[in-house]
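Notes to accompany the following structure.
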Amino acid sequence: MVVPVSDLESQLQSLQVEAQGAIATVETLDALDEIRVNFLGKKGKISKVLGGMGKLDPADRPKLGAIANEVKKAVQGSLDQQREALQAAKIQAQLEAETLDVTMPGTYRPQGHKHPLNSTIDKALDIFVGLGYTVASGTEMETDYYNFEALNTPADHPARDMADTFYLPDGNLLRTHTSAMQIRYMEDNEPPIRIAAPGRVYRRDTVDATHSAVFHQIEILAVDEGLTFTDLKGTIEEFLFQMFGDVEVRFRASYFPFTEPSAEVDVRWKGRWLEVLGCGMVDPNVLKAVGYDPEIYTGFAAGFGVERFAMVLHQMDDIRRLYNSDLRFLRQF
Ligand code: DAH
């Protein structure tokens with residue numbers, strides 16, 4: 001039985017009305033896409049109507065094809081228009097949600113800065129790095145060997161006394177000086193060596209204005225062929241010059257178990273001589289302890305307390321101020 005073309009034509013036209021009605025009220029892009037599939041898709045409503053084409057008089061088929069194209073074009077046009085509108089609305093909503101009101105008052109955040117101990121350490125290390133030194137750091141818990149024995153400190157030396165050193169229950173100890181790093185570094189490295197080793201050290205001191213049971217030191221060690229006392233002097237003078245400015249420097253003969261000869265160094269500061277560090281030529285016994293041949297290599301070493309430097313540089317009268325985190329004090333630096 002032949003179906004009149006007007007039947008299919010009116011079906012297509014009512015599909016167009018149905019589709020455009022749905023498109024006009026849709027609110028999301030996903031729902032819009034569903035409508036597209038539903039009407040224009042391969043298995044959509046329009047294709048279904050066209051499936052009935054076979055029942056038409058063959059002469060009518062091109063006519064229906066032309067009408068179907070018109071309908072598809074109209075539905076596609078509505079889809080495109082609505083998609084654009086929905087996309088624009090989505091962007092608008094996003095922009096509104098992300099609006100930043102730059103006229104709102106800000107929240108004040110107090111700015112932190114370096115602690116005077118850290119800035120003193122950094123300043124000293126910068127100077128030595130500038131002189132070609134490498135920064136090395138080690139452990140705070142040490143063995144008797146690294147802290148004393150390998151540093152040529154005999155068993156009867158007062159520094160080894162229970163009254164001066166924190167010994168741990170397992171027989172280890174808290175290092176009393178950064179000099180222990182000399183041994184650790186030399187054991188792991190071959191000359192030439194130039195290191196600066198900062199760190200915390202521990203002594204059984206009663207806390208007062210100038211003493212603390214925990215404080216900081218920086219250790220300097222250079223080992224090479226042909227290093228002499230004048231290399232030590234030049235290095236220390238350059239360091240103190242960069243640290244304190246153009247001050248007078250004085251070397252006094254002294255004694256340390258791990259250096260020979262040894263010296264203490266003073267700077268002339270505000271009309272007085274202030275002792276600032278200990279130093280000397282590395283004792284041959286120390287070089288031997290790490291397997292260096294003292295006939296080939298010589299070295300120099302120095303050690304100083306960071307707190308003392310900070311106190312002198314900033315004219316502080318009490319070491320405890322460096323530790324109690326009082327912002328009224330720390331803000332001054
Ligand atoms: N270790 C010494 C101390 O804590 C400081 C010191 C003196 C270190 C002479 C050295 C040095 O490297 O050569 O008092």
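So you can find residues: chains in the structure tokens are A, B, ... in the order shown, residues in each start at 1, and ligands are numbered from 1 in order.
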
Within 7 Å of ligand 1: each chain A residue with its shortest pair, only C-alpha atoms and all ligand atoms, as CSV:
```
residue,atom,partner,partner_atom_place_in_ligand_line,distance
A:Thr176,CA,ligand 1,4 (O),6.6
A:His177,CA,ligand 1,4 (O),4.5
A:Thr178,CA,ligand 1,1 (N),6.4
A:Ser179,CA,ligand 1,1 (N),5.2
A:Glu219,CA,ligand 1,12 (O),5.7
A:Ile220,CA,ligand 1,12 (O),6.1
A:Leu221,CA,ligand 1,12 (O),6.9
A:Phe256,CA,ligand 1,9 (C),5.9
A:Phe258,CA,ligand 1,13 (O),6.7
A:Thr259,CA,ligand 1,13 (O),5.5
A:Ser262,CA,ligand 1,13 (O),6.7
A:Leu277,CA,ligand 1,7 (C),6.8
A:Gly278,CA,ligand 1,7 (C),3.8
A:Cys279,CA,ligand 1,13 (O),3.4
A:Gly280,CA,ligand 1,13 (O),4.5
A:Met281,CA,ligand 1,13 (O),6.8
A:Val282,CA,ligand 1,13 (O),6.9
A:Phe300,CA,ligand 1,13 (O),6.8
A:Ala301,CA,ligand 1,13 (O),4.1
A:Ala302,CA,ligand 1,12 (O),3.5
A:Gly303,CA,ligand 1,8 (C),3.5
A:Phe304,CA,ligand 1,5 (C),5.9
```

Write out as a PyMOL selection string which residues come within 12 Å of Gly234 in chain A when counting only C-alpha atoms, dropping same-chain ones fewer than 4 positions away. chain A and resi 131+227-230+238-241+249+251+300

Pull the strand (DSSP E or B) assignments for range 182-317 of chain A out of DSSP run on the backbone, and list those residues as a PyMOL selection string. chain A and resi 193-202+208+211+214-225+249-256+259-269+272-282+297-305

Could you check which of A:Gly112, A:Ala66, A:Asp283, A:Val5 is closest to Gly54 in chain A, using only C-alpha atoms?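 Comparing A:Gly112, A:Ala66, A:Asp283, A:Val5 against Gly54 in chain A, the winner is A:Val5.
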
Run DSSP on the backbone and tell me which residues of range 130-207 of chain A come out as helix (DSSP H, G or I); list them as an NGL selection string. :A and (130 or 144-147 or 149-151 or 158-160 or 180-188)

Residues at most 10 Å from Asp208 in chain A, counting only C-alpha atoms, excluding those fewer than 5 positions away in the same chain, as JSON, numbers by chain? {"A": [213, 318, 319, 320]}

Need to verify the contact set: range 287-289 of chain A, 12 Å, only C-alpha atoms, exclusion of same-chain residues closer than 2 positions in sequence. Can you return it as a PyMOL selection string? chain A and resi 145-146+148-153+182-187+190-191+221-224+258-260+281-285+291-301

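If you look at CA of Glu237 in chain A and CA of Glu264 in chain A, they are 12.5 Å away from each other.
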
Nearest to Gln81 in chain A by atom-to-atom distance, counting only C-alpha atoms, from A:Val37, A:Ile23, A:Val17, A:Ala155: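 Going through A:Val37, A:Ile23, A:Val17, A:Ala155 one by one, the smallest distance to Gln81 in chain A is for A:Ile23.
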
Asp205 in chain A surroundings by only C-alpha atoms, 12 Å radius, close-in-sequence under 3 positions cut, as a ChimeraX atom specification: /A:162-166,176,201-202,208-215

Keeping C-alpha atoms, export the residues of the selection given above as a compact mmCIF listing (two decimals), in the first residue's frame.
```txt
# COMPACT_ATOMS: atom_id res chain seq x y z
CA MET A 162 82.31 13.83 83.53
CA ALA A 163 81.86 17.32 84.94
CA ASP A 164 82.37 18.98 81.54
CA THR A 165 80.87 16.58 79.02
CA PHE A 166 77.39 15.12 78.60
CA THR A 176 81.74 19.29 73.03
CA VAL A 201 77.75 21.72 70.64
CA TYR A 202 77.13 20.75 74.26
CA ASP A 208 74.28 32.39 82.98
CA ALA A 209 74.69 35.59 80.96
CA THR A 210 77.71 34.26 79.07
CA HIS A 211 77.32 30.46 79.29
CA SER A 212 74.87 27.99 77.83
CA ALA A 213 74.83 24.18 77.92
CA VAL A 214 74.02 24.19 74.19
CA PHE A 215 75.63 26.63 71.84
```

Rounded to one decimal, what separation in Å do you get between CA of Lys45 in chain A and CA of Leu15 in chain A? 7.6 Å

For range 71-78 of chain A: contacts at 9 Å, only C-alpha atoms, fewer than 5 positions along chain excluded, given as a VMD selection string: chain A and resid 12 to 13 15 to 17 19 to 20 23 to 24 36 39 to 40 46 66 83

Keeping only N, CA and C atoms, write those residues as a PDB file, in the first residue's frame.
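As a result, out_31.pdb now contains:
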```
ATOM      1  N   LEU A  12       7.172  14.898   9.869  1.00  0.00           N
ATOM      2  CA  LEU A  12       8.456  15.615   9.990  1.00  0.00           C
ATOM      3  C   LEU A  12       8.252  17.005  10.575  1.00  0.00           C
ATOM      4  N   GLN A  13       7.196  17.678  10.096  1.00  0.00           N
ATOM      5  CA  GLN A  13       6.975  19.041  10.589  1.00  0.00           C
ATOM      6  C   GLN A  13       6.621  19.064  12.069  1.00  0.00           C
ATOM      7  N   LEU A  15       7.679  16.881  14.197  1.00  0.00           N
ATOM      8  CA  LEU A  15       8.941  16.601  14.909  1.00  0.00           C
ATOM      9  C   LEU A  15       9.757  17.880  15.071  1.00  0.00           C
ATOM     10  N   GLN A  16       9.740  18.711  13.998  1.00  0.00           N
ATOM     11  CA  GLN A  16      10.487  19.973  14.066  1.00  0.00           C
ATOM     12  C   GLN A  16       9.950  20.845  15.200  1.00  0.00           C
ATOM     13  N   VAL A  17       8.619  20.941  15.281  1.00  0.00           N
ATOM     14  CA  VAL A  17       7.998  21.758  16.329  1.00  0.00           C
ATOM     15  C   VAL A  17       8.355  21.194  17.715  1.00  0.00           C
ATOM     16  N   ALA A  19      10.948  19.283  18.540  1.00  0.00           N
ATOM     17  CA  ALA A  19      12.375  19.465  18.829  1.00  0.00           C
ATOM     18  C   ALA A  19      12.654  20.904  19.238  1.00  0.00           C
ATOM     19  N   GLN A  20      12.140  21.855  18.473  1.00  0.00           N
ATOM     20  CA  GLN A  20      12.446  23.257  18.780  1.00  0.00           C
ATOM     21  C   GLN A  20      11.841  23.675  20.113  1.00  0.00           C
ATOM     22  N   ILE A  23      14.247  22.268  22.693  1.00  0.00           N
ATOM     23  CA  ILE A  23      15.518  23.020  22.681  1.00  0.00           C
ATOM     24  C   ILE A  23      15.354  24.357  23.409  1.00  0.00           C
ATOM     25  N   ALA A  24      14.222  25.020  23.193  1.00  0.00           N
ATOM     26  CA  ALA A  24      14.021  26.353  23.764  1.00  0.00           C
ATOM     27  C   ALA A  24      13.995  26.336  25.289  1.00  0.00           C
ATOM     28  N   ARG A  36      19.660  16.460  20.688  1.00  0.00           N
ATOM     29  CA  ARG A  36      20.260  16.300  19.354  1.00  0.00           C
ATOM     30  C   ARG A  36      20.253  14.829  18.937  1.00  0.00           C
ATOM     31  N   PHE A  39      16.701  13.468  18.161  1.00  0.00           N
ATOM     32  CA  PHE A  39      16.036  13.866  16.918  1.00  0.00           C
ATOM     33  C   PHE A  39      16.910  13.650  15.690  1.00  0.00           C
ATOM     34  N   LEU A  40      18.187  14.047  15.744  1.00  0.00           N
ATOM     35  CA  LEU A  40      19.030  14.029  14.545  1.00  0.00           C
ATOM     36  C   LEU A  40      19.922  12.802  14.455  1.00  0.00           C
ATOM     37  N   ILE A  46      13.792  11.532  13.389  1.00  0.00           N
ATOM     38  CA  ILE A  46      13.727  11.928  11.981  1.00  0.00           C
ATOM     39  C   ILE A  46      14.152  10.777  11.070  1.00  0.00           C
ATOM     40  N   ALA A  66      13.943  16.363   0.325  1.00  0.00           N
ATOM     41  CA  ALA A  66      14.204  17.799   0.419  1.00  0.00           C
ATOM     42  C   ALA A  66      13.586  18.376   1.683  1.00  0.00           C
ATOM     43  N   ARG A  83      23.081  26.219  22.038  1.00  0.00           N
ATOM     44  CA  ARG A  83      24.376  25.836  22.603  1.00  0.00           C
ATOM     45  C   ARG A  83      25.188  27.088  22.897  1.00  0.00           C
TER      46      ARG A  83
END
```

Between CA of Lys90 in chain A and CA of Thr28 in chain A, what is the distance in Å, rounded to a tenth?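 Computed distance, CA of Lys90 in chain A to CA of Thr28 in chain A, equals 9.2 Å.
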
Gly130 in chain A surroundings by only C-alpha atoms, 12 Å radius, close-in-sequence under 5 positions cut, as a PyMOL selection string: chain A and resi 122-125+135+194-196+235+238-239+242
